[in-house]
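Everything below concerns the one structure shown next.
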Amino acid sequence: RSGRIRELWEESRKVKSKTPLRLVSERPRDDTVEKSAQIAADNDNFKTAYARLTKDTPVARIDDRLLKHLQQLFPPAVRPSSTTTRSKNRTQNRKKIHFLPSKLIDNILHLKKGKAPGIQVDSLDVFIKLAQRCKRSTAKGTPPLARNLASLFSAVANGEIPESAQHCLR
């Protein structure tokens, strides 16, 4: 269809959406849907059976009679209380997250790389490359790069990034 934009546009204008009422009226008989779903289930194709049973589920029309039942499903609104400032002790008493270098490197190496399109680079790709470099040099003990990566991830998880480095992680 390359180069035939006008033809494609005119074809798209011919599409007519069905109203919920029309969808309900054109729905196939329940016994034929159930039979075809049963055949799929008998052949151990449960995904197809489920799809056949739920594909033609009509769109529920919401009128005044249904609206009050729907409104009862939601809990009452929470009224805003007076604003209180949190004390600094609350964040200081929180248990800190600490990543072990060996576990962090193993977990990073199990992630999929190449998520960024084209010549763009994803930060995940950079961390995978660094983890591969750490894995090659683990025969000599835990490399400083692995310890630095673990401390970086721990600092991010605990919200302890220095002000001077925050612009690099945005």
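Every chain in the structure tokens has a letter given in the order shown (A, B, ...), and although residue numbers restart at 1 in each chain, ligands are simply numbered from 1 in the order shown.
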
Find the spatial neighbours of Phe127 of chain A, counting only C-alpha atoms, within a cut-off of 10 Å - ignore same-chain residues fewer than 3 positions away - and output them as a list in words. Ile105, Ile108, Leu109, Leu111, Lys113, Asp122, Ser123, Leu124, Leu130, Ala131, Gln132, Arg133 and Leu149 of chain A

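We find atom CA of Leu53 of chain A and atom CA of Thr19 of chain A to be spaced 20.7 Å apart.
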
Selection: 6 Å around Ala49 of chain A, only C-alpha atoms, excl. self and same-chain fewer than 4 positions, as a count of residues only: 3

Let me make sure I understand: among A:Lys18, A:His167, A:Lys95, A:Lys129, which one has the smallest atom-to-atom distance to Ser154 of chain A if we use only C-alpha atoms?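 The closest residue to Ser154 of chain A is A:Lys95.
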
Compare A:Arg52, A:Lys103, A:Lys112, A:Arg65 by their minimum atom-to-atom distance to Cys134 of chain A, counting only C-alpha atoms, and give me the closest one. A:Lys103

To one decimal place, how far is atom CA of Lys55 of chain A from atom CA of Thr32 of chain A in Å? 13.1 Å

Find the spatial neighbours of Gln166 of chain A, counting only C-alpha atoms, within a cut-off of 12 Å - ignore same-chain residues fewer than 6 positions away - and output them as JSON, numbers by chain. {"A": [152, 155, 156, 159, 160]}

For Leu100 of chain A, work out the shell of residues within 9 Å, counting only C-alpha atoms and skipping chain neighbours fewer than 3 positions away, then give it as a count of residues only. 7

Report, in Å to a single decimal, how far apart atom CA of Val126 of chain A and atom CA of Leu145 of chain A are. 13.0 Å

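With distances restricted to only C-alpha atoms, A:Ala157 is the closest residue to Ile97 of chain A from A:Arg6, A:His69, A:Ala157, A:Pro162.
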